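Colleague: So here's model.cif (mmCIF, C-alpha atoms; chains and numbers go by the auth columns).
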```cif
data_model
#
loop_
_atom_site.group_PDB
_atom_site.id
_atom_site.type_symbol
_atom_site.label_atom_id
_atom_site.label_comp_id
_atom_site.label_asym_id
_atom_site.label_seq_id
_atom_site.Cartn_x
_atom_site.Cartn_y
_atom_site.Cartn_z
_atom_site.B_iso_or_equiv
_atom_site.auth_seq_id
_atom_site.auth_asym_id
ATOM 1 C CA MET A 1 164.929 -74.077 -16.662 0.00 1 A
ATOM 2 C CA ILE A 2 162.764 -75.677 -13.973 0.00 2 A
ATOM 3 C CA GLY A 3 161.407 -79.138 -14.734 0.00 3 A
ATOM 4 C CA ILE A 4 158.046 -79.960 -13.157 0.00 4 A
ATOM 5 C CA ILE A 5 157.602 -83.730 -13.075 0.00 5 A
ATOM 6 C CA ASP A 6 154.352 -84.606 -14.842 0.00 6 A
ATOM 7 C CA TYR A 7 153.158 -87.976 -13.593 0.00 7 A
ATOM 8 C CA GLY A 8 149.603 -87.477 -14.765 0.00 8 A
ATOM 9 C CA ILE A 9 147.702 -86.954 -11.522 0.00 9 A
ATOM 10 C CA ASN A 10 149.532 -83.992 -10.060 0.00 10 A
ATOM 11 C CA ASN A 11 147.884 -80.616 -9.686 0.00 11 A
ATOM 12 C CA THR A 12 150.122 -78.033 -11.326 0.00 12 A
ATOM 13 C CA SER A 13 147.913 -75.192 -12.604 0.00 13 A
ATOM 14 C CA GLU A 14 148.394 -72.916 -9.583 0.00 14 A
ATOM 15 C CA LEU A 15 152.080 -73.830 -9.356 0.00 15 A
ATOM 16 C CA THR A 16 152.707 -72.962 -13.003 0.00 16 A
ATOM 17 C CA GLN A 17 150.714 -69.748 -12.554 0.00 17 A
ATOM 18 C CA ALA A 18 152.939 -68.803 -9.598 0.00 18 A
ATOM 19 C CA LEU A 19 156.123 -69.548 -11.553 0.00 19 A
ATOM 20 C CA THR A 20 154.798 -67.489 -14.472 0.00 20 A
ATOM 21 C CA GLU A 21 154.077 -64.606 -12.082 0.00 21 A
ATOM 22 C CA LEU A 22 157.695 -64.824 -10.893 0.00 22 A
ATOM 23 C CA ASN A 23 158.972 -64.923 -14.514 0.00 23 A
ATOM 24 C CA ILE A 24 160.604 -68.297 -13.916 0.00 24 A
ATOM 25 C CA PRO A 25 160.864 -70.493 -17.041 0.00 25 A
ATOM 26 C CA PHE A 26 159.615 -74.055 -16.587 0.00 26 A
ATOM 27 C CA VAL A 27 158.574 -77.147 -18.485 0.00 27 A
ATOM 28 C CA LYS A 28 156.110 -79.833 -17.420 0.00 28 A
ATOM 29 C CA THR A 29 157.560 -83.163 -18.457 0.00 29 A
ATOM 30 C CA ARG A 30 157.971 -86.860 -17.839 0.00 30 A
ATOM 31 C CA ASN A 31 160.644 -87.148 -20.525 0.00 31 A
ATOM 32 C CA GLU A 32 164.032 -88.309 -19.239 0.00 32 A
ATOM 33 C CA LYS A 33 165.971 -86.092 -21.641 0.00 33 A
ATOM 34 C CA ASP A 34 164.033 -82.989 -20.545 0.00 34 A
ATOM 35 C CA ILE A 35 164.561 -83.805 -16.876 0.00 35 A
ATOM 36 C CA ILE A 36 168.309 -84.266 -17.373 0.00 36 A
ATOM 37 C CA GLN A 37 168.570 -80.929 -19.225 0.00 37 A
ATOM 38 C CA CYS A 38 166.692 -78.930 -16.558 0.00 38 A
ATOM 39 C CA ASN A 39 168.852 -77.387 -13.856 0.00 39 A
ATOM 40 C CA LYS A 40 166.265 -77.824 -11.061 0.00 40 A
ATOM 41 C CA ILE A 41 163.314 -80.149 -10.532 0.00 41 A
ATOM 42 C CA ILE A 42 159.962 -79.762 -8.760 0.00 42 A
ATOM 43 C CA ILE A 43 157.877 -82.780 -7.749 0.00 43 A
ATOM 44 C CA SER A 44 154.491 -81.165 -7.242 0.00 44 A
ATOM 45 C CA ASP A 45 151.472 -82.186 -5.190 0.00 45 A
ATOM 46 C CA ALA A 46 149.306 -85.133 -6.238 0.00 46 A
ATOM 47 C CA SER A 47 145.774 -86.277 -5.513 0.00 47 A
ATOM 48 C CA ASN A 48 146.817 -89.719 -4.224 0.00 48 A
ATOM 49 C CA LEU A 49 150.157 -90.979 -2.855 0.00 49 A
ATOM 50 C CA SER A 50 149.747 -94.597 -3.938 0.00 50 A
ATOM 51 C CA LYS A 51 148.752 -93.641 -7.494 0.00 51 A
ATOM 52 C CA ALA A 52 151.632 -91.146 -7.674 0.00 52 A
ATOM 53 C CA VAL A 53 154.173 -93.882 -6.850 0.00 53 A
ATOM 54 C CA LYS A 54 152.593 -96.204 -9.438 0.00 54 A
ATOM 55 C CA ARG A 55 152.744 -93.478 -12.093 0.00 55 A
ATOM 56 C CA ILE A 56 156.395 -92.750 -11.300 0.00 56 A
ATOM 57 C CA HIS A 57 157.137 -96.439 -11.912 0.00 57 A
ATOM 58 C CA LEU A 58 154.891 -96.545 -15.005 0.00 58 A
ATOM 59 C CA PHE A 59 156.768 -93.661 -16.635 0.00 59 A
ATOM 60 C CA ASN A 60 160.174 -95.146 -15.650 0.00 60 A
ATOM 61 C CA LEU A 61 161.000 -92.156 -13.473 0.00 61 A
ATOM 62 C CA PHE A 62 161.742 -93.970 -10.207 0.00 62 A
ATOM 63 C CA SER A 63 165.482 -94.574 -10.692 0.00 63 A
ATOM 64 C CA LEU A 64 165.975 -91.260 -12.470 0.00 64 A
ATOM 65 C CA LEU A 65 164.483 -89.309 -9.568 0.00 65 A
ATOM 66 C CA ARG A 66 166.429 -91.321 -6.995 0.00 66 A
ATOM 67 C CA PHE A 67 169.759 -90.441 -8.602 0.00 67 A
ATOM 68 C CA LEU A 68 169.176 -86.754 -9.336 0.00 68 A
ATOM 69 C CA LYS A 69 172.127 -84.590 -8.326 0.00 69 A
ATOM 70 C CA LYS A 70 170.433 -81.258 -9.027 0.00 70 A
ATOM 71 C CA PRO A 71 168.288 -79.276 -6.567 0.00 71 A
ATOM 72 C CA THR A 72 164.892 -80.966 -6.274 0.00 72 A
ATOM 73 C CA LEU A 73 161.848 -79.663 -4.404 0.00 73 A
ATOM 74 C CA GLY A 74 158.978 -81.905 -3.341 0.00 74 A
ATOM 75 C CA ILE A 75 155.725 -80.048 -2.634 0.00 75 A
ATOM 76 C CA SER A 76 153.044 -81.488 -0.313 0.00 76 A
ATOM 77 C CA LEU A 77 152.634 -85.136 -1.414 0.00 77 A
ATOM 78 C CA GLY A 78 155.725 -84.489 -3.529 0.00 78 A
ATOM 79 C CA MET A 79 157.649 -84.049 -0.275 0.00 79 A
ATOM 80 C CA ASP A 80 156.197 -87.301 1.064 0.00 80 A
ATOM 81 C CA LEU A 81 157.359 -89.063 -2.113 0.00 81 A
ATOM 82 C CA LEU A 82 160.951 -88.211 -1.133 0.00 82 A
ATOM 83 C CA CYS A 83 160.653 -90.222 2.094 0.00 83 A
ATOM 84 C CA ASN A 84 160.789 -93.948 2.884 0.00 84 A
ATOM 85 C CA LYS A 85 157.323 -95.425 3.296 0.00 85 A
ATOM 86 C CA SER A 86 153.941 -94.659 4.765 0.00 86 A
ATOM 87 C CA ASN A 87 152.128 -96.333 7.624 0.00 87 A
ATOM 88 C CA ASP A 88 149.535 -97.542 5.127 0.00 88 A
ATOM 89 C CA GLY A 89 152.151 -99.562 3.250 0.00 89 A
ATOM 90 C CA ILE A 90 153.218 -97.287 0.387 0.00 90 A
ATOM 91 C CA SER A 91 156.941 -97.417 -0.479 0.00 91 A
ATOM 92 C CA CYS A 92 158.255 -94.115 -1.817 0.00 92 A
ATOM 93 C CA LEU A 93 161.597 -92.918 -3.226 0.00 93 A
ATOM 94 C CA GLY A 94 163.534 -93.435 0.017 0.00 94 A
ATOM 95 C CA LEU A 95 165.727 -90.367 -0.431 0.00 95 A
ATOM 96 C CA VAL A 96 165.078 -88.995 3.052 0.00 96 A
ATOM 97 C CA GLU A 97 165.219 -91.390 6.000 0.00 97 A
ATOM 98 C CA SER A 98 161.828 -90.507 7.383 0.00 98 A
ATOM 99 C CA ASP A 99 158.542 -92.392 7.365 0.00 99 A
ATOM 100 C CA ILE A 100 155.222 -90.882 6.359 0.00 100 A
ATOM 101 C CA ILE A 101 152.144 -90.908 8.566 0.00 101 A
ATOM 102 C CA ASN A 102 148.644 -91.095 7.099 0.00 102 A
ATOM 103 C CA ASP A 103 146.756 -89.027 9.636 0.00 103 A
ATOM 104 C CA THR A 104 143.467 -90.765 8.884 0.00 104 A
ATOM 105 C CA LEU A 105 144.936 -93.968 10.390 0.00 105 A
ATOM 106 C CA GLU A 106 146.210 -92.293 13.559 0.00 106 A
ATOM 107 C CA GLU A 107 144.483 -90.704 16.505 0.00 107 A
ATOM 108 C CA VAL A 108 145.748 -87.234 15.709 0.00 108 A
ATOM 109 C CA ASN A 109 143.820 -84.013 15.355 0.00 109 A
ATOM 110 C CA ILE A 110 145.380 -82.266 12.381 0.00 110 A
ATOM 111 C CA GLN A 111 143.166 -79.615 10.845 0.00 111 A
ATOM 112 C CA ILE A 112 143.457 -79.638 7.050 0.00 112 A
ATOM 113 C CA PRO A 113 143.117 -78.040 4.641 0.00 113 A
ATOM 114 C CA GLY A 114 144.078 -74.637 5.944 0.00 114 A
ATOM 115 C CA MET A 115 146.763 -72.182 6.952 0.00 115 A
ATOM 116 C CA LYS A 116 149.219 -73.216 9.672 0.00 116 A
ATOM 117 C CA GLU A 117 152.008 -71.361 11.417 0.00 117 A
ATOM 118 C CA VAL A 118 155.487 -72.622 10.560 0.00 118 A
ATOM 119 C CA VAL A 119 158.533 -72.307 12.822 0.00 119 A
ATOM 120 C CA ILE A 120 161.927 -72.319 11.085 0.00 120 A
ATOM 121 C CA THR A 121 164.187 -74.606 13.132 0.00 121 A
ATOM 122 C CA LYS A 122 167.366 -74.501 11.016 0.00 122 A
ATOM 123 C CA GLU A 123 168.780 -71.684 8.948 0.00 123 A
ATOM 124 C CA ASN A 124 168.223 -72.583 5.317 0.00 124 A
ATOM 125 C CA MET A 125 168.260 -70.747 1.990 0.00 125 A
ATOM 126 C CA LEU A 126 164.763 -72.071 1.292 0.00 126 A
ATOM 127 C CA PHE A 127 163.419 -69.726 3.985 0.00 127 A
ATOM 128 C CA SER A 128 165.486 -66.651 3.103 0.00 128 A
ATOM 129 C CA ASN A 129 163.557 -63.391 3.556 0.00 129 A
ATOM 130 C CA ILE A 130 160.665 -65.210 5.233 0.00 130 A
ATOM 131 C CA LYS A 131 159.562 -64.155 8.699 0.00 131 A
ATOM 132 C CA ASN A 132 159.584 -66.919 11.291 0.00 132 A
ATOM 133 C CA LYS A 133 156.098 -68.152 12.223 0.00 133 A
ATOM 134 C CA SER A 134 154.675 -67.192 8.839 0.00 134 A
ATOM 135 C CA GLN A 135 151.601 -69.131 7.783 0.00 135 A
ATOM 136 C CA PHE A 136 151.450 -71.567 4.887 0.00 136 A
ATOM 137 C CA TYR A 137 148.622 -73.573 3.341 0.00 137 A
ATOM 138 C CA PHE A 138 148.550 -77.305 4.149 0.00 138 A
ATOM 139 C CA ALA A 139 146.261 -79.590 2.164 0.00 139 A
ATOM 140 C CA ASN A 140 146.958 -83.327 2.450 0.00 140 A
ATOM 141 C CA ASN A 141 146.449 -85.881 5.222 0.00 141 A
ATOM 142 C CA TYR A 142 150.043 -87.185 5.290 0.00 142 A
ATOM 143 C CA HIS A 143 152.923 -85.823 7.316 0.00 143 A
ATOM 144 C CA THR A 144 156.459 -86.777 8.317 0.00 144 A
ATOM 145 C CA ASN A 145 157.666 -86.712 11.885 0.00 145 A
ATOM 146 C CA ILE A 146 160.407 -84.351 13.032 0.00 146 A
ATOM 147 C CA SER A 147 163.860 -85.748 12.186 0.00 147 A
ATOM 148 C CA ASP A 148 167.480 -84.697 11.616 0.00 148 A
ATOM 149 C CA TYR A 149 166.405 -83.467 8.169 0.00 149 A
ATOM 150 C CA THR A 150 163.653 -81.170 9.455 0.00 150 A
ATOM 151 C CA ILE A 151 164.289 -77.482 8.773 0.00 151 A
ATOM 152 C CA ALA A 152 160.842 -76.168 9.804 0.00 152 A
ATOM 153 C CA ILE A 153 157.958 -77.500 11.880 0.00 153 A
ATOM 154 C CA THR A 154 154.274 -76.840 12.385 0.00 154 A
ATOM 155 C CA THR A 155 153.089 -75.397 15.680 0.00 155 A
ATOM 156 C CA GLY A 156 150.245 -76.402 17.961 0.00 156 A
ATOM 157 C CA ASP A 157 149.315 -79.756 19.481 0.00 157 A
ATOM 158 C CA SER A 158 150.454 -81.788 16.457 0.00 158 A
ATOM 159 C CA GLN A 159 154.008 -80.839 15.548 0.00 159 A
ATOM 160 C CA TYR A 160 155.583 -82.387 12.471 0.00 160 A
ATOM 161 C CA SER A 161 157.957 -81.499 9.660 0.00 161 A
ATOM 162 C CA ALA A 162 156.766 -78.550 7.616 0.00 162 A
ATOM 163 C CA ALA A 163 159.973 -78.605 5.559 0.00 163 A
ATOM 164 C CA ILE A 164 162.934 -80.936 5.160 0.00 164 A
ATOM 165 C CA GLN A 165 166.289 -81.036 3.413 0.00 165 A
ATOM 166 C CA LYS A 166 168.793 -83.765 2.696 0.00 166 A
ATOM 167 C CA ASP A 167 171.635 -82.923 0.320 0.00 167 A
ATOM 168 C CA ASN A 168 170.067 -81.602 -2.898 0.00 168 A
ATOM 169 C CA PHE A 169 166.552 -82.723 -1.950 0.00 169 A
ATOM 170 C CA TYR A 170 164.164 -80.236 -0.353 0.00 170 A
ATOM 171 C CA GLY A 171 160.585 -80.769 0.688 0.00 171 A
ATOM 172 C CA VAL A 172 157.716 -78.610 1.926 0.00 172 A
ATOM 173 C CA GLN A 173 154.573 -80.215 3.336 0.00 173 A
ATOM 174 C CA PHE A 174 152.557 -77.129 2.424 0.00 174 A
ATOM 175 C CA LEU A 175 151.556 -75.664 -0.935 0.00 175 A
ATOM 176 C CA PRO A 176 153.660 -72.540 -1.631 0.00 176 A
ATOM 177 C CA GLU A 177 151.439 -71.638 -4.580 0.00 177 A
ATOM 178 C CA LYS A 178 148.467 -71.271 -2.196 0.00 178 A
ATOM 179 C CA SER A 179 150.362 -69.514 0.598 0.00 179 A
ATOM 180 C CA GLY A 180 150.451 -65.907 -0.551 0.00 180 A
ATOM 181 C CA LYS A 181 153.604 -63.766 -0.653 0.00 181 A
ATOM 182 C CA GLN A 182 155.589 -66.061 1.650 0.00 182 A
ATOM 183 C CA GLY A 183 154.775 -69.021 -0.606 0.00 183 A
ATOM 184 C CA LEU A 184 155.973 -67.134 -3.665 0.00 184 A
ATOM 185 C CA GLN A 185 159.151 -66.322 -1.739 0.00 185 A
ATOM 186 C CA ILE A 186 159.731 -70.060 -1.124 0.00 186 A
ATOM 187 C CA LEU A 187 159.467 -70.716 -4.879 0.00 187 A
ATOM 188 C CA LYS A 188 161.716 -67.746 -5.624 0.00 188 A
ATOM 189 C CA ASN A 189 164.299 -68.926 -3.077 0.00 189 A
ATOM 190 C CA PHE A 190 164.367 -72.436 -4.511 0.00 190 A
ATOM 191 C CA THR A 191 164.467 -71.445 -8.160 0.00 191 A
ATOM 192 C CA GLN A 192 166.846 -68.487 -7.883 0.00 192 A
ATOM 193 C CA ASN A 193 168.963 -68.831 -4.723 0.00 193 A
ATOM 194 C CA ILE A 194 169.640 -72.556 -4.286 0.00 194 A
ATOM 195 C CA SER A 195 172.343 -74.172 -6.393 0.00 195 A
#
```
As a first step, turn the structure in this file into structure tokens.
Modeller:
Amino acid sequence: MIGIIDYGINNTSELTQALTELNIPFVKTRNEKDIIQCNKIIISDASNLSKAVKRIHLFNLFSLLRFLKKPTLGISLGMDLLCNKSNDGISCLGLVESDIINDTLEEVNIQIPGMKEVVITKENMLFSNIKNKSQFYFANNYHTNISDYTIAITTGDSQYSAAIQKDNFYGVQFLPEKSGKQGLQILKNFTQNIS
């Protein structure tokens, strides 16, 4: 069973529709017992990074998420939540030693929302059966710089981490549920092939 963390402001309708299409059982929950019983966890996208962190604290999920030993996938802002802190002062879970950049505070030209080409830089089960330089849908104005944990990057003038992994924690800066067949393959790879 896949546990989708429900912290109240995350957008999960398209994600749950994609999982249903793939016949993958899931539960949306913020209940500690449910989370412990699930064999994999997804931290989905949210509308606001600061509010997401506050909700995680409010529902007493911060320590639980930090000490998860099961495969966990952060999607879009969910990936950013796995990292240290943002340049606008938001402290996140600190599971991946990478800082988060709010593009609206930097002089960078990152075109979002929209499809972007992704280059796979390290062989990883998350990208099994996915052609290199496939396009995925990016939607939020945060990103993490390329680091030792980067497994895929964006192309073009502004290169940054499109996907990361550290131990059992995986993150994708894009929205698989809005990325067509290759996005569904990402979800399938995580839910069925990663243990």
Colleague: Would you kindly return, as a ChimeraX atom specification, each protein, DNA or RNA residue with an atom no farther than 6 Å from any atom of segment 141-152 of chain A, considering all atoms listed in the file and excluding same-chain residues fewer than 2 positions away?
Modeller: /A:100-103,119-122,160-166
Colleague: Translate the PyMOL selection byres ((chain A and resi 9) around 7) into a concrete residue list for this structure, as a PDB file with C-alpha atoms, in the frame of the given file.
Modeller:
```pdb
ATOM      1  CA  TYR A   7     153.158 -87.976 -13.593  1.00  0.00           C
ATOM      2  CA  GLY A   8     149.603 -87.477 -14.765  1.00  0.00           C
ATOM      3  CA  ASN A  10     149.532 -83.992 -10.060  1.00  0.00           C
ATOM      4  CA  ASN A  11     147.884 -80.616  -9.686  1.00  0.00           C
ATOM      5  CA  ALA A  46     149.306 -85.133  -6.238  1.00  0.00           C
ATOM      6  CA  SER A  47     145.774 -86.277  -5.513  1.00  0.00           C
ATOM      7  CA  ALA A  52     151.632 -91.146  -7.674  1.00  0.00           C
TER       8      ALA A  52
END
```
Colleague: Which is closest to Ser134 of chain A among A:Ile41, A:Leu93, A:Ile186, A:Ile112, if we use only C-alpha atoms?
Modeller: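 Among A:Ile41, A:Leu93, A:Ile186, A:Ile112, it is A:Ile186 that comes nearest to Ser134 of chain A.
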Colleague: Taking the file as shown, what set of residues would the PyMOL selection byres ((chain A and resi 189) around 9) give back, as a PDB file with C-alpha atoms, keeping the file's coordinate frame?
Modeller:
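So the final result, stored in part.pdb, reads:
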```
ATOM      1  CA  MET A 125     168.260 -70.747   1.990  1.00  0.00           C
ATOM      2  CA  LEU A 126     164.763 -72.071   1.292  1.00  0.00           C
ATOM      3  CA  PHE A 127     163.419 -69.726   3.985  1.00  0.00           C
ATOM      4  CA  SER A 128     165.486 -66.651   3.103  1.00  0.00           C
ATOM      5  CA  ASN A 129     163.557 -63.391   3.556  1.00  0.00           C
ATOM      6  CA  LEU A 184     155.973 -67.134  -3.665  1.00  0.00           C
ATOM      7  CA  GLN A 185     159.151 -66.322  -1.739  1.00  0.00           C
ATOM      8  CA  ILE A 186     159.731 -70.060  -1.124  1.00  0.00           C
ATOM      9  CA  LEU A 187     159.467 -70.716  -4.879  1.00  0.00           C
ATOM     10  CA  LYS A 188     161.716 -67.746  -5.624  1.00  0.00           C
ATOM     11  CA  PHE A 190     164.367 -72.436  -4.511  1.00  0.00           C
ATOM     12  CA  THR A 191     164.467 -71.445  -8.160  1.00  0.00           C
ATOM     13  CA  GLN A 192     166.846 -68.487  -7.883  1.00  0.00           C
ATOM     14  CA  ASN A 193     168.963 -68.831  -4.723  1.00  0.00           C
ATOM     15  CA  ILE A 194     169.640 -72.556  -4.286  1.00  0.00           C
TER      16      ILE A 194
END
```
Colleague: Out of A:Ser50, A:Thr104, A:Phe169, A:Met115, which residue has the shortest atom-to-atom distance to Ser195 of chain A when counting all atoms listed in the file?
Modeller: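 Looking at the shortest contact to Ser195 of chain A, the residue is A:Phe169.
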Colleague: Just the number, please: distance in Å from atom CA of Gly94 of chain A to atom CA of Lys33 of chain A, one decimal.
Modeller: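 Rounded to one decimal, the two atoms are 23.0 Å apart.
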Colleague: Anything within 6 Å of (159.5, -84.2, -13.8): list those residues as a PyMOL selection string, counting all atoms listed in the file and sticking to the file's coordinates.
Modeller: chain A and resi 3-6+29-30+35
Colleague: As a check of understanding, name the residues that the PyMOL selection byres ((chain A and resi 63) around 12) selects in the supplied structure, as JSON, numbers by chain.
Modeller: {"A": [32, 53, 56, 57, 58, 59, 60, 61, 62, 64, 65, 66, 67, 68, 92, 93, 94, 95]}
Colleague: A:Ala139, A:Ile42, A:Val172, A:Val118: which is nearest Thr154 of chain A, counting all atoms listed in the file?
Modeller: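 Looking only at the distances to Thr154 of chain A, the closest residue turns out to be A:Val118.
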Colleague: Quick one: of A:Leu81, A:Ile2, A:Val96, A:Leu73, who's nearest to Thr16 of chain A, counting only C-alpha atoms?
Modeller: A:Ile2
Colleague: Which residue is closest to Ser44 of chain A? Choose from A:Pro113, A:Gly180, A:Gly89, A:Gly78 and count only C-alpha atoms.
Modeller: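 Smallest distance to Ser44 of chain A is found for A:Gly78.
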Colleague: Using all atoms listed in the file, which residues sit within 7 Å of Ser76 of chain A once same-chain residues fewer than 2 positions away are excluded, as a PyMOL selection string?
Modeller: chain A and resi 45+74+78-80+140+172-175
Colleague: Between A:Asn39, A:Gln182, A:Asn168, A:Thr72, which one has atoms that come closest to Tyr137 of chain A, using only C-alpha atoms?
Modeller: A:Gln182
Colleague: If you measure from atom CA of Ile90 of chain A to atom CA of Gly183 of chain A, what distance in Å do you get, rounded to one decimal?
Modeller: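 Atom-to-atom, atom CA of Ile90 of chain A and atom CA of Gly183 of chain A are spaced 28.3 Å apart.
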